[in-house]
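As stored in coords.pdb (PDB, C-alpha atoms, pLDDT in the B column):
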```pdb
ATOM      1  CA  MET W 881       8.928  14.460 -12.751  1.00 68.00           C
ATOM      2  CA  GLY W 882       8.934  12.482  -9.499  1.00 92.00           C
ATOM      3  CA  GLN W 883      11.138  13.253  -6.539  1.00 96.00           C
ATOM      4  CA  PHE W 884      12.749   9.803  -6.815  1.00 98.00           C
ATOM      5  CA  ASP W 885      13.300   9.723 -10.581  1.00 97.00           C
ATOM      6  CA  GLY W 886      16.470   7.785 -11.371  1.00 95.00           C
ATOM      7  CA  LYS W 887      16.702   6.370  -7.864  1.00 98.00           C
ATOM      8  CA  ALA W 888      16.491   2.764  -6.746  1.00 98.00           C
ATOM      9  CA  ALA W 889      14.736   1.299  -3.736  1.00 98.00           C
ATOM     10  CA  LEU W 890      14.658  -2.066  -1.987  1.00 98.00           C
ATOM     11  CA  VAL W 891      11.589  -2.800   0.142  1.00 98.00           C
ATOM     12  CA  THR W 892      11.676  -5.992   2.165  1.00 97.00           C
ATOM     13  CA  GLY W 893       8.282  -7.572   2.725  1.00 95.00           C
ATOM     14  CA  GLY W 894       7.016  -5.484  -0.165  1.00 95.00           C
ATOM     15  CA  THR W 895       4.383  -7.760  -1.661  1.00 94.00           C
ATOM     16  CA  ARG W 896       1.345  -6.848   0.437  1.00 91.00           C
ATOM     17  CA  GLY W 897       0.011  -4.607   3.193  1.00 92.00           C
ATOM     18  CA  ILE W 898       2.248  -1.820   4.417  1.00 94.00           C
ATOM     19  CA  GLY W 899       5.274  -3.006   2.472  1.00 96.00           C
ATOM     20  CA  LYS W 900       3.426  -2.971  -0.847  1.00 97.00           C
ATOM     21  CA  ALA W 901       1.941   0.455  -0.102  1.00 97.00           C
ATOM     22  CA  ILE W 902       5.457   1.766   0.486  1.00 98.00           C
ATOM     23  CA  ALA W 903       6.777   0.198  -2.706  1.00 98.00           C
ATOM     24  CA  MET W 904       3.897   1.693  -4.706  1.00 98.00           C
ATOM     25  CA  ARG W 905       4.389   5.135  -3.144  1.00 98.00           C
ATOM     26  CA  LEU W 906       8.080   5.178  -4.041  1.00 98.00           C
ATOM     27  CA  ALA W 907       7.310   3.981  -7.557  1.00 98.00           C
ATOM     28  CA  ARG W 908       4.707   6.711  -8.066  1.00 98.00           C
ATOM     29  CA  ASP W 909       7.468   9.187  -7.305  1.00 98.00           C
ATOM     30  CA  GLY W 910       9.670   7.605  -9.969  1.00 98.00           C
ATOM     31  CA  ALA W 911      11.852   5.122  -8.080  1.00 98.00           C
ATOM     32  CA  ASN W 912      12.759   1.773  -9.569  1.00 98.00           C
ATOM     33  CA  VAL W 913      11.796  -0.767  -6.923  1.00 98.00           C
ATOM     34  CA  ALA W 914      12.928  -4.227  -5.881  1.00 98.00           C
ATOM     35  CA  ILE W 915      10.695  -6.046  -3.447  1.00 98.00           C
ATOM     36  CA  ASN W 916      11.443  -9.032  -1.270  1.00 95.00           C
ATOM     37  CA  TYR W 917       9.120 -11.889  -0.420  1.00 94.00           C
ATOM     38  CA  SER W 918       9.371 -14.954   1.771  1.00 89.00           C
ATOM     39  CA  ARG W 919       6.893 -17.504   0.435  1.00 85.00           C
ATOM     40  CA  SER W 920       4.175 -16.369  -1.981  1.00 86.00           C
ATOM     41  CA  LYS W 921       5.521 -15.969  -5.504  1.00 91.00           C
ATOM     42  CA  GLU W 922       1.972 -15.318  -6.694  1.00 93.00           C
ATOM     43  CA  SER W 923       1.674 -12.239  -4.456  1.00 93.00           C
ATOM     44  CA  ALA W 924       5.139 -11.105  -5.508  1.00 96.00           C
ATOM     45  CA  ASP W 925       4.334 -11.396  -9.218  1.00 97.00           C
ATOM     46  CA  ALA W 926       1.110  -9.440  -8.732  1.00 97.00           C
ATOM     47  CA  ALA W 927       2.941  -6.687  -6.831  1.00 97.00           C
ATOM     48  CA  VAL W 928       5.632  -6.453  -9.508  1.00 98.00           C
ATOM     49  CA  ALA W 929       2.954  -6.090 -12.195  1.00 98.00           C
ATOM     50  CA  ASP W 930       1.318  -3.273 -10.231  1.00 98.00           C
ATOM     51  CA  LEU W 931       4.672  -1.509  -9.858  1.00 98.00           C
ATOM     52  CA  GLN W 932       5.587  -1.896 -13.528  1.00 98.00           C
ATOM     53  CA  ALA W 933       2.196  -0.459 -14.477  1.00 98.00           C
ATOM     54  CA  LEU W 934       3.445   2.796 -12.954  1.00 97.00           C
ATOM     55  CA  GLY W 935       6.206   2.924 -15.573  1.00 97.00           C
ATOM     56  CA  VAL W 936       9.179   1.977 -13.407  1.00 98.00           C
ATOM     57  CA  GLU W 937      11.517  -0.982 -13.408  1.00 98.00           C
ATOM     58  CA  ALA W 938      10.537  -3.491 -10.758  1.00 98.00           C
ATOM     59  CA  PHE W 939      11.330  -7.058  -9.784  1.00 98.00           C
ATOM     60  CA  ALA W 940      10.960  -9.400  -6.830  1.00 98.00           C
ATOM     61  CA  LEU W 941      13.460 -11.593  -5.018  1.00 97.00           C
ATOM     62  CA  GLN W 942      12.670 -14.473  -2.668  1.00 96.00           C
ATOM     63  CA  CYS W 943      14.721 -14.341   0.510  1.00 95.00           C
ATOM     64  CA  ASN W 944      14.525 -15.293   4.169  1.00 94.00           C
ATOM     65  CA  VAL W 945      15.684 -12.004   5.626  1.00 95.00           C
ATOM     66  CA  GLY W 946      16.798 -13.778   8.780  1.00 94.00           C
ATOM     67  CA  ASP W 947      19.534 -15.530   6.785  1.00 96.00           C
ATOM     68  CA  ARG W 948      22.641 -13.345   6.523  1.00 97.00           C
ATOM     69  CA  GLU W 949      24.086 -14.982   3.406  1.00 97.00           C
ATOM     70  CA  ALA W 950      20.723 -14.855   1.644  1.00 97.00           C
ATOM     71  CA  VAL W 951      20.269 -11.175   2.498  1.00 98.00           C
ATOM     72  CA  PHE W 952      23.723 -10.257   1.238  1.00 98.00           C
ATOM     73  CA  GLU W 953      23.053 -12.128  -2.024  1.00 98.00           C
ATOM     74  CA  MET W 954      19.679 -10.422  -2.420  1.00 98.00           C
ATOM     75  CA  VAL W 955      21.146  -6.966  -1.877  1.00 98.00           C
ATOM     76  CA  LYS W 956      23.986  -7.760  -4.280  1.00 98.00           C
ATOM     77  CA  GLN W 957      21.491  -8.645  -7.011  1.00 98.00           C
ATOM     78  CA  VAL W 958      19.557  -5.426  -6.436  1.00 98.00           C
ATOM     79  CA  GLY W 959      22.698  -3.292  -6.354  1.00 98.00           C
ATOM     80  CA  GLU W 960      24.126  -4.825  -9.498  1.00 98.00           C
ATOM     81  CA  ARG W 961      20.863  -4.641 -11.437  1.00 98.00           C
ATOM     82  CA  PHE W 962      20.089  -1.029 -10.541  1.00 98.00           C
ATOM     83  CA  GLY W 963      23.717   0.061 -10.137  1.00 98.00           C
ATOM     84  CA  ARG W 964      22.805   1.731  -6.852  1.00 98.00           C
ATOM     85  CA  ILE W 965      20.517   1.574  -3.831  1.00 98.00           C
ATOM     86  CA  ASP W 966      19.208   4.940  -2.693  1.00 98.00           C
ATOM     87  CA  ILE W 967      16.420   3.790  -0.383  1.00 98.00           C
ATOM     88  CA  LEU W 968      16.305   0.706   1.831  1.00 98.00           C
ATOM     89  CA  VAL W 969      13.016   0.073   3.634  1.00 98.00           C
ATOM     90  CA  ASN W 970      12.954  -2.683   6.229  1.00 98.00           C
ATOM     91  CA  SER W 971       9.294  -3.663   6.245  1.00 96.00           C
ATOM     92  CA  ALA W 972       9.465  -7.472   6.499  1.00 94.00           C
ATOM     93  CA  ALA W 973       8.334  -8.651   9.933  1.00 89.00           C
ATOM     94  CA  ARG W 974       6.974 -11.666  11.748  1.00 83.00           C
ATOM     95  CA  GLY W 975       5.569 -12.578  15.125  1.00 68.00           C
ATOM     96  CA  LEU W 976       1.936 -11.494  15.057  1.00 66.00           C
ATOM     97  CA  GLU W 977       0.808 -14.796  13.592  1.00 63.00           C
ATOM     98  CA  ARG W 978       1.191 -16.324  17.079  1.00 70.00           C
ATOM     99  CA  PRO W 979       0.374 -13.638  19.682  1.00 73.00           C
ATOM    100  CA  ARG W 980       2.001 -14.459  23.035  1.00 77.00           C
ATOM    101  CA  ALA W 981       2.557 -12.902  26.421  1.00 81.00           C
ATOM    102  CA  ALA W 982       6.148 -12.627  27.635  1.00 80.00           C
ATOM    103  CA  ILE W 983       5.626 -15.176  30.397  1.00 86.00           C
ATOM    104  CA  ASP W 984       4.273 -17.740  27.908  1.00 84.00           C
ATOM    105  CA  SER W 985       6.841 -17.288  25.140  1.00 81.00           C
ATOM    106  CA  LEU W 986       9.397 -19.965  24.396  1.00 81.00           C
ATOM    107  CA  PRO W 987      12.957 -19.154  23.312  1.00 83.00           C
ATOM    108  CA  LYS W 988      12.222 -20.309  19.760  1.00 83.00           C
ATOM    109  CA  HIS W 989       9.422 -17.760  19.454  1.00 81.00           C
ATOM    110  CA  LEU W 990      11.749 -14.890  20.268  1.00 87.00           C
ATOM    111  CA  HIS W 991      14.602 -16.293  18.190  1.00 89.00           C
ATOM    112  CA  HIS W 992      12.430 -16.613  15.075  1.00 88.00           C
ATOM    113  CA  THR W 993      10.985 -13.129  15.510  1.00 91.00           C
ATOM    114  CA  MET W 994      14.353 -11.525  16.221  1.00 94.00           C
ATOM    115  CA  ASP W 995      15.910 -13.176  13.166  1.00 95.00           C
ATOM    116  CA  VAL W 996      13.497 -11.388  10.827  1.00 95.00           C
ATOM    117  CA  ASN W 997      12.676  -8.213  12.748  1.00 96.00           C
ATOM    118  CA  VAL W 998      16.165  -7.304  13.985  1.00 97.00           C
ATOM    119  CA  PHE W 999      18.857  -9.297  12.253  1.00 97.00           C
ATOM    120  CA  GLY W1000      17.169  -8.912   8.868  1.00 97.00           C
ATOM    121  CA  PRO W1001      17.375  -5.094   8.913  1.00 98.00           C
ATOM    122  CA  TRP W1002      20.882  -5.326  10.384  1.00 98.00           C
ATOM    123  CA  PHE W1003      22.099  -7.595   7.584  1.00 98.00           C
ATOM    124  CA  ALA W1004      20.331  -5.520   4.925  1.00 98.00           C
ATOM    125  CA  ALA W1005      21.974  -2.315   6.125  1.00 98.00           C
ATOM    126  CA  GLN W1006      25.402  -3.950   6.257  1.00 98.00           C
ATOM    127  CA  ALA W1007      25.009  -5.184   2.693  1.00 98.00           C
ATOM    128  CA  ALA W1008      23.314  -2.125   1.199  1.00 98.00           C
ATOM    129  CA  VAL W1009      25.792   0.560   2.272  1.00 98.00           C
ATOM    130  CA  LYS W1010      28.174  -0.709  -0.410  1.00 97.00           C
ATOM    131  CA  TYR W1011      25.710   0.583  -3.009  1.00 98.00           C
ATOM    132  CA  MET W1012      24.562   3.735  -1.189  1.00 98.00           C
ATOM    133  CA  ALA W1013      25.860   7.206  -1.945  1.00 97.00           C
ATOM    134  CA  GLU W1014      25.498  10.438  -0.011  1.00 97.00           C
ATOM    135  CA  GLY W1015      21.823  11.344   0.287  1.00 98.00           C
ATOM    136  CA  SER W1016      20.623   7.748   0.606  1.00 98.00           C
ATOM    137  CA  ALA W1017      18.210   6.640   3.304  1.00 98.00           C
ATOM    138  CA  ILE W1018      17.494   3.572   5.421  1.00 98.00           C
ATOM    139  CA  ILE W1019      14.042   3.437   7.010  1.00 98.00           C
ATOM    140  CA  SER W1020      12.834   0.683   9.335  1.00 98.00           C
ATOM    141  CA  LEU W1021       9.288   0.079  10.513  1.00 97.00           C
ATOM    142  CA  LEU W1022       8.702  -0.037  14.246  1.00 95.00           C
ATOM    143  CA  SER W1023       5.637  -0.427  16.451  1.00 88.00           C
ATOM    144  CA  PRO W1024       4.318   1.381  19.530  1.00 83.00           C
ATOM    145  CA  GLY W1025       4.758  -1.987  21.246  1.00 80.00           C
ATOM    146  CA  SER W1026       8.491  -1.335  21.300  1.00 82.00           C
ATOM    147  CA  ASP W1027       8.193   1.126  24.198  1.00 82.00           C
ATOM    148  CA  ARG W1028       4.805   0.394  25.813  1.00 80.00           C
ATOM    149  CA  TYR W1029       2.945  -2.707  26.828  1.00 80.00           C
ATOM    150  CA  LEU W1030       0.562  -4.310  24.333  1.00 76.00           C
ATOM    151  CA  PRO W1031      -1.239  -7.547  25.282  1.00 77.00           C
ATOM    152  CA  LYS W1032       0.196 -10.759  23.787  1.00 77.00           C
ATOM    153  CA  TYR W1033       2.763  -8.778  21.840  1.00 80.00           C
ATOM    154  CA  ALA W1034       5.961  -9.651  23.683  1.00 84.00           C
ATOM    155  CA  PRO W1035       8.114 -11.246  20.936  1.00 87.00           C
ATOM    156  CA  VAL W1036       7.244  -8.519  18.444  1.00 88.00           C
ATOM    157  CA  GLY W1037       7.533  -5.682  20.950  1.00 89.00           C
ATOM    158  CA  VAL W1038      10.918  -6.849  22.210  1.00 91.00           C
ATOM    159  CA  SER W1039      12.224  -7.241  18.662  1.00 93.00           C
ATOM    160  CA  LYS W1040      10.985  -3.809  17.603  1.00 94.00           C
ATOM    161  CA  GLY W1041      12.592  -2.267  20.689  1.00 95.00           C
ATOM    162  CA  ALA W1042      15.876  -3.841  19.661  1.00 96.00           C
ATOM    163  CA  LEU W1043      15.430  -2.560  16.104  1.00 97.00           C
ATOM    164  CA  GLU W1044      14.904   0.966  17.400  1.00 97.00           C
ATOM    165  CA  SER W1045      18.148   0.744  19.358  1.00 97.00           C
ATOM    166  CA  LEU W1046      19.993  -0.721  16.359  1.00 98.00           C
ATOM    167  CA  SER W1047      18.715   2.117  14.173  1.00 98.00           C
ATOM    168  CA  MET W1048      20.145   4.677  16.592  1.00 98.00           C
ATOM    169  CA  TYR W1049      23.591   3.123  16.324  1.00 98.00           C
ATOM    170  CA  LEU W1050      23.410   2.853  12.541  1.00 98.00           C
ATOM    171  CA  ALA W1051      22.224   6.464  12.317  1.00 98.00           C
ATOM    172  CA  VAL W1052      25.261   7.809  14.142  1.00 98.00           C
ATOM    173  CA  GLU W1053      27.723   5.582  12.291  1.00 98.00           C
ATOM    174  CA  LEU W1054      26.331   6.270   8.800  1.00 98.00           C
ATOM    175  CA  ALA W1055      25.502   9.976   9.122  1.00 98.00           C
ATOM    176  CA  PRO W1056      29.090  11.072   8.312  1.00 98.00           C
ATOM    177  CA  ARG W1057      28.718   9.205   5.009  1.00 98.00           C
ATOM    178  CA  GLY W1058      25.544  11.105   4.189  1.00 98.00           C
ATOM    179  CA  ILE W1059      23.302   8.080   4.730  1.00 98.00           C
ATOM    180  CA  ARG W1060      20.294   8.840   6.908  1.00 98.00           C
ATOM    181  CA  VAL W1061      18.766   6.189   9.157  1.00 98.00           C
ATOM    182  CA  ASN W1062      15.306   6.732  10.630  1.00 98.00           C
ATOM    183  CA  CYS W1063      12.216   4.776  11.644  1.00 98.00           C
ATOM    184  CA  VAL W1064       8.466   4.989  11.220  1.00 98.00           C
ATOM    185  CA  SER W1065       6.317   3.656  14.038  1.00 95.00           C
ATOM    186  CA  ALA W1066       2.700   3.121  13.071  1.00 90.00           C
ATOM    187  CA  GLY W1067      -0.298   2.602  15.289  1.00 78.00           C
ATOM    188  CA  LEU W1068      -2.929   0.002  14.518  1.00 78.00           C
ATOM    189  CA  VAL W1069      -2.914  -0.101  10.710  1.00 77.00           C
ATOM    190  CA  ALA W1070      -6.140  -1.098   8.973  1.00 68.00           C
ATOM    191  CA  GLU W1071      -6.273  -3.399   5.938  1.00 58.00           C
ATOM    192  CA  THR W1072      -3.304  -5.499   7.063  1.00 58.00           C
ATOM    193  CA  ASP W1073      -2.924  -9.164   7.983  1.00 58.00           C
ATOM    194  CA  GLY W1074      -1.817  -8.216  11.483  1.00 58.00           C
ATOM    195  CA  VAL W1075      -5.027  -6.337  12.226  1.00 56.00           C
ATOM    196  CA  ARG W1076      -7.149  -9.175  10.852  1.00 51.00           C
ATOM    197  CA  MET W1077      -5.599 -11.484  13.462  1.00 51.00           C
ATOM    198  CA  LEU W1078      -6.658  -9.242  16.334  1.00 52.00           C
ATOM    199  CA  ASP W1079      -9.920  -9.267  18.274  1.00 52.00           C
ATOM    200  CA  GLN W1080     -12.220  -7.187  16.075  1.00 55.00           C
ATOM    201  CA  ASP W1081     -14.117  -5.703  19.021  1.00 53.00           C
ATOM    202  CA  MET W1082     -10.796  -4.324  20.256  1.00 53.00           C
ATOM    203  CA  VAL W1083     -10.033  -3.003  16.784  1.00 55.00           C
ATOM    204  CA  GLY W1084     -13.371  -1.202  16.654  1.00 55.00           C
ATOM    205  CA  ASP W1085     -12.884   0.243  20.136  1.00 61.00           C
ATOM    206  CA  TYR W1086      -9.436   1.513  19.139  1.00 66.00           C
ATOM    207  CA  GLU W1087     -10.869   3.382  16.167  1.00 70.00           C
ATOM    208  CA  THR W1088     -13.467   5.175  18.274  1.00 77.00           C
ATOM    209  CA  LYS W1089     -10.697   6.565  20.481  1.00 83.00           C
ATOM    210  CA  VAL W1090      -8.245   7.780  17.815  1.00 83.00           C
ATOM    211  CA  PRO W1091      -8.260  11.595  17.929  1.00 89.00           C
ATOM    212  CA  ALA W1092      -7.917  11.765  14.141  1.00 88.00           C
ATOM    213  CA  GLY W1093     -11.154   9.784  13.851  1.00 86.00           C
ATOM    214  CA  ARG W1094      -9.991   6.763  11.887  1.00 85.00           C
ATOM    215  CA  HIS W1095      -7.447   3.974  11.719  1.00 84.00           C
ATOM    216  CA  VAL W1096      -4.053   4.552  10.143  1.00 90.00           C
ATOM    217  CA  LEU W1097      -3.950   3.182   6.576  1.00 93.00           C
ATOM    218  CA  PRO W1098      -0.976   1.580   4.825  1.00 95.00           C
ATOM    219  CA  THR W1099      -0.823   4.630   2.564  1.00 96.00           C
ATOM    220  CA  ASP W1100      -0.373   6.876   5.620  1.00 96.00           C
ATOM    221  CA  VAL W1101       2.690   4.867   6.608  1.00 97.00           C
ATOM    222  CA  ALA W1102       3.946   4.956   3.022  1.00 98.00           C
ATOM    223  CA  ASP W1103       3.675   8.758   2.943  1.00 98.00           C
ATOM    224  CA  ALA W1104       5.786   8.997   6.100  1.00 98.00           C
ATOM    225  CA  VAL W1105       8.425   6.691   4.635  1.00 98.00           C
ATOM    226  CA  ALA W1106       8.521   8.696   1.405  1.00 98.00           C
ATOM    227  CA  PHE W1107       9.052  11.894   3.373  1.00 98.00           C
ATOM    228  CA  LEU W1108      11.966  10.430   5.347  1.00 98.00           C
ATOM    229  CA  ALA W1109      13.505   9.149   2.105  1.00 98.00           C
ATOM    230  CA  SER W1110      13.218  12.558   0.438  1.00 98.00           C
ATOM    231  CA  ASP W1111      15.607  15.500   0.327  1.00 96.00           C
ATOM    232  CA  GLN W1112      13.180  17.411   2.569  1.00 97.00           C
ATOM    233  CA  ALA W1113      14.327  15.167   5.423  1.00 98.00           C
ATOM    234  CA  LYS W1114      18.056  15.568   4.851  1.00 96.00           C
ATOM    235  CA  MET W1115      18.700  16.755   8.413  1.00 97.00           C
ATOM    236  CA  ILE W1116      16.449  14.225  10.137  1.00 98.00           C
ATOM    237  CA  VAL W1117      18.758  11.564  11.533  1.00 98.00           C
ATOM    238  CA  GLY W1118      18.099   8.749  13.979  1.00 98.00           C
ATOM    239  CA  GLN W1119      14.490   9.680  14.687  1.00 98.00           C
ATOM    240  CA  VAL W1120      11.224   7.768  15.076  1.00 97.00           C
ATOM    241  CA  LEU W1121       8.271   9.291  13.249  1.00 97.00           C
ATOM    242  CA  LEU W1122       5.068   8.197  14.981  1.00 95.00           C
ATOM    243  CA  VAL W1123       2.045   7.763  12.724  1.00 95.00           C
ATOM    244  CA  ASP W1124      -0.956   6.889  14.898  1.00 91.00           C
ATOM    245  CA  GLY W1125      -3.550   9.626  14.480  1.00 91.00           C
ATOM    246  CA  GLY W1126      -2.773  10.911  17.974  1.00 90.00           C
ATOM    247  CA  TYR W1127      -3.752   7.725  19.799  1.00 85.00           C
ATOM    248  CA  SER W1128      -0.540   7.615  21.855  1.00 85.00           C
ATOM    249  CA  LEU W1129      -1.389  11.000  23.348  1.00 87.00           C
ATOM    250  CA  LEU W1130      -4.296   9.480  25.236  1.00 87.00           C
ATOM    251  CA  GLY W1131      -2.137   7.422  27.595  1.00 72.00           C
ATOM    252  CA  THR W1132      -4.252   4.303  27.050  1.00 63.00           C
ATOM    253  CA  ILE W1133      -3.607   0.878  25.557  1.00 55.00           C
TER     254      ILE W1133
END
```
Rendering of file as structure tokens:
Amino acid sequence: MGQFDGKAALVTGGTRGIGKAIAMRLARDGANVAINYSRSKESADAAVADLQALGVEAFALQCNVGDREAVFEMVKQVGERFGRIDILVNSAARGLERPRAAIDSLPKHLHHTMDVNVFGPWFAAQAAVKYMAEGSAIISLLSPGSDRYLPKYAPVGVSKGALESLSMYLAVELAPRGIRVNCVSAGLVAETDGVRMLDQDMVGDYETKVPAGRHVLPTDVADAVAFLASDQAKMIVGQVLLVDGGYSLLGTI
């Protein structure tokens, strides 16, 4: 018996990396899972097969999460197919593919990043609450770059800061309905596309400094999300759970 048996989850950006790890973690605990993808149907089909191999119902939906009408239609399909949405995980993100400093960023860079990283979770929450009962959870993924400076990270950092603020407002507004809203902020996460785009000497230096002795893995983030989605977290509301192996305690970039 899994802790999420009979429950339904929607994980945006759930076809690879952190998003897929989260989807797999929820499925291992019994949740039926819908995942969202932007472009690669091949990756989506492979992820669905991996989820179904765990014995749960799973399917994928293509959607640009920055498009309000598309997000509402996606959530409607998930809600009608499962009859409910107990867990919404906002994992889809963009911006790291073109690292930029704030002074060098053009308006279009911030607009495109904000559409996915802020408006996507906003639209998804607005649409999903129709299918969420008391005890449901909304969890968004943040980044330490939302409240501290990271080089060439401005569009992503600004968008994640806005998402943190949005989550606070949603948490207060939805708590009376028994819907918990929280965030997970992960440090540098190994085995992800974002890390592969970074300077590898910097990545190696980061790992040597982490007090826990290694990089955060996608499964570490998934475990944190599963906890916040569980009944054990029923009185955790509007919080940011930092998963970075203690790196932020060092006061260094």
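Taken over the shown file, the PyMOL selection byres ((chain W and resi 1099) around 8) identifies W:Ile898, W:Ala901, W:Ile902, W:Arg905, W:Leu1097, W:Pro1098, W:Asp1100, W:Val1101, W:Ala1102, W:Asp1103.
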Once you have the residues from the selection above, write them out as a PDB file, keeping the file's coordinate frame, restricted to C-alpha atoms.
```
ATOM      1  CA  ILE W 898       2.248  -1.820   4.417  1.00 94.00           C
ATOM      2  CA  ALA W 901       1.941   0.455  -0.102  1.00 97.00           C
ATOM      3  CA  ILE W 902       5.457   1.766   0.486  1.00 98.00           C
ATOM      4  CA  ARG W 905       4.389   5.135  -3.144  1.00 98.00           C
ATOM      5  CA  LEU W1097      -3.950   3.182   6.576  1.00 93.00           C
ATOM      6  CA  PRO W1098      -0.976   1.580   4.825  1.00 95.00           C
ATOM      7  CA  ASP W1100      -0.373   6.876   5.620  1.00 96.00           C
ATOM      8  CA  VAL W1101       2.690   4.867   6.608  1.00 97.00           C
ATOM      9  CA  ALA W1102       3.946   4.956   3.022  1.00 98.00           C
ATOM     10  CA  ASP W1103       3.675   8.758   2.943  1.00 98.00           C
TER      11      ASP W1103
END
```
6 Å contact set for Val936 in chain W, only C-alpha atoms, chain neighbours under 2 positions out, as a ChimeraX atom specification: /W:912,932,934
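Of the listed residues (W:Leu890, W:Ala1005, W:Leu906, W:Ala981), W:Leu890 comes nearest to Gln957 in chain W; the distances count only C-alpha atoms.
Counting all atoms listed in the file, the residue from W:Ile1116, W:Ala940, W:Ala1042, W:Met904 that sits nearest to Phe999 in chain W is W:Ala1042.
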How would you write as JSON, numbers by chain the residues that get within 10 Å of (10.5, -17.7, -1.5) in the file's frame, counting all atoms listed in the file? {"W": [916, 917, 918, 919, 920, 921, 924, 940, 941, 942, 943, 944]}
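A straight line drawn from CA of Met1012 in chain W to CA of Asp995 in chain W is 23.8 Å long.
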Residues at most 9 Å from Gly893 in chain W, counting all atoms listed in the file, excluding those fewer than 6 positions away in the same chain, as a ChimeraX atom specification? /W:899-900,915-918,970-973
Report, in Å with one decimal, the straight-line distance from CA of Val998 in chain W to CA of Phe939 in chain W. 24.3 Å
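With distances restricted to all atoms listed in the file, W:Ala1034 is the closest residue to Ser985 in chain W from W:Ala1007, W:Ala1034, W:Ala1055, W:Leu1021.
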Picked residues, the PyMOL selection byres ((chain W and resi 1027) around 12), as number ranges by chain: W: 1022-1026, 1028-1030, 1033-1034, 1036-1045, 1065, 1120, 1128, 1133
Within 8 Å of Leu1122 in chain W, counting all atoms listed in the file, which residues show up once you throw out same-chain ones fewer than 6 positions away? Write them as number ranges by chain, please. W: 1064-1067
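When all atoms listed in the file are used to compute distances to Arg964 in chain W, the closest of the residues W:Ala903, W:Ala938, W:Ala888, W:Ala927 turns out to be W:Ala888.
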List the spatial neighbours of Pro1035 in chain W as a VMD selection string - criterion: any atom at most 9 Å away, all atoms listed in the file, same-chain residues fewer than 5 positions off excluded. chain W and resid 975 to 976 979 to 982 985 989 to 991 993 to 994 1040
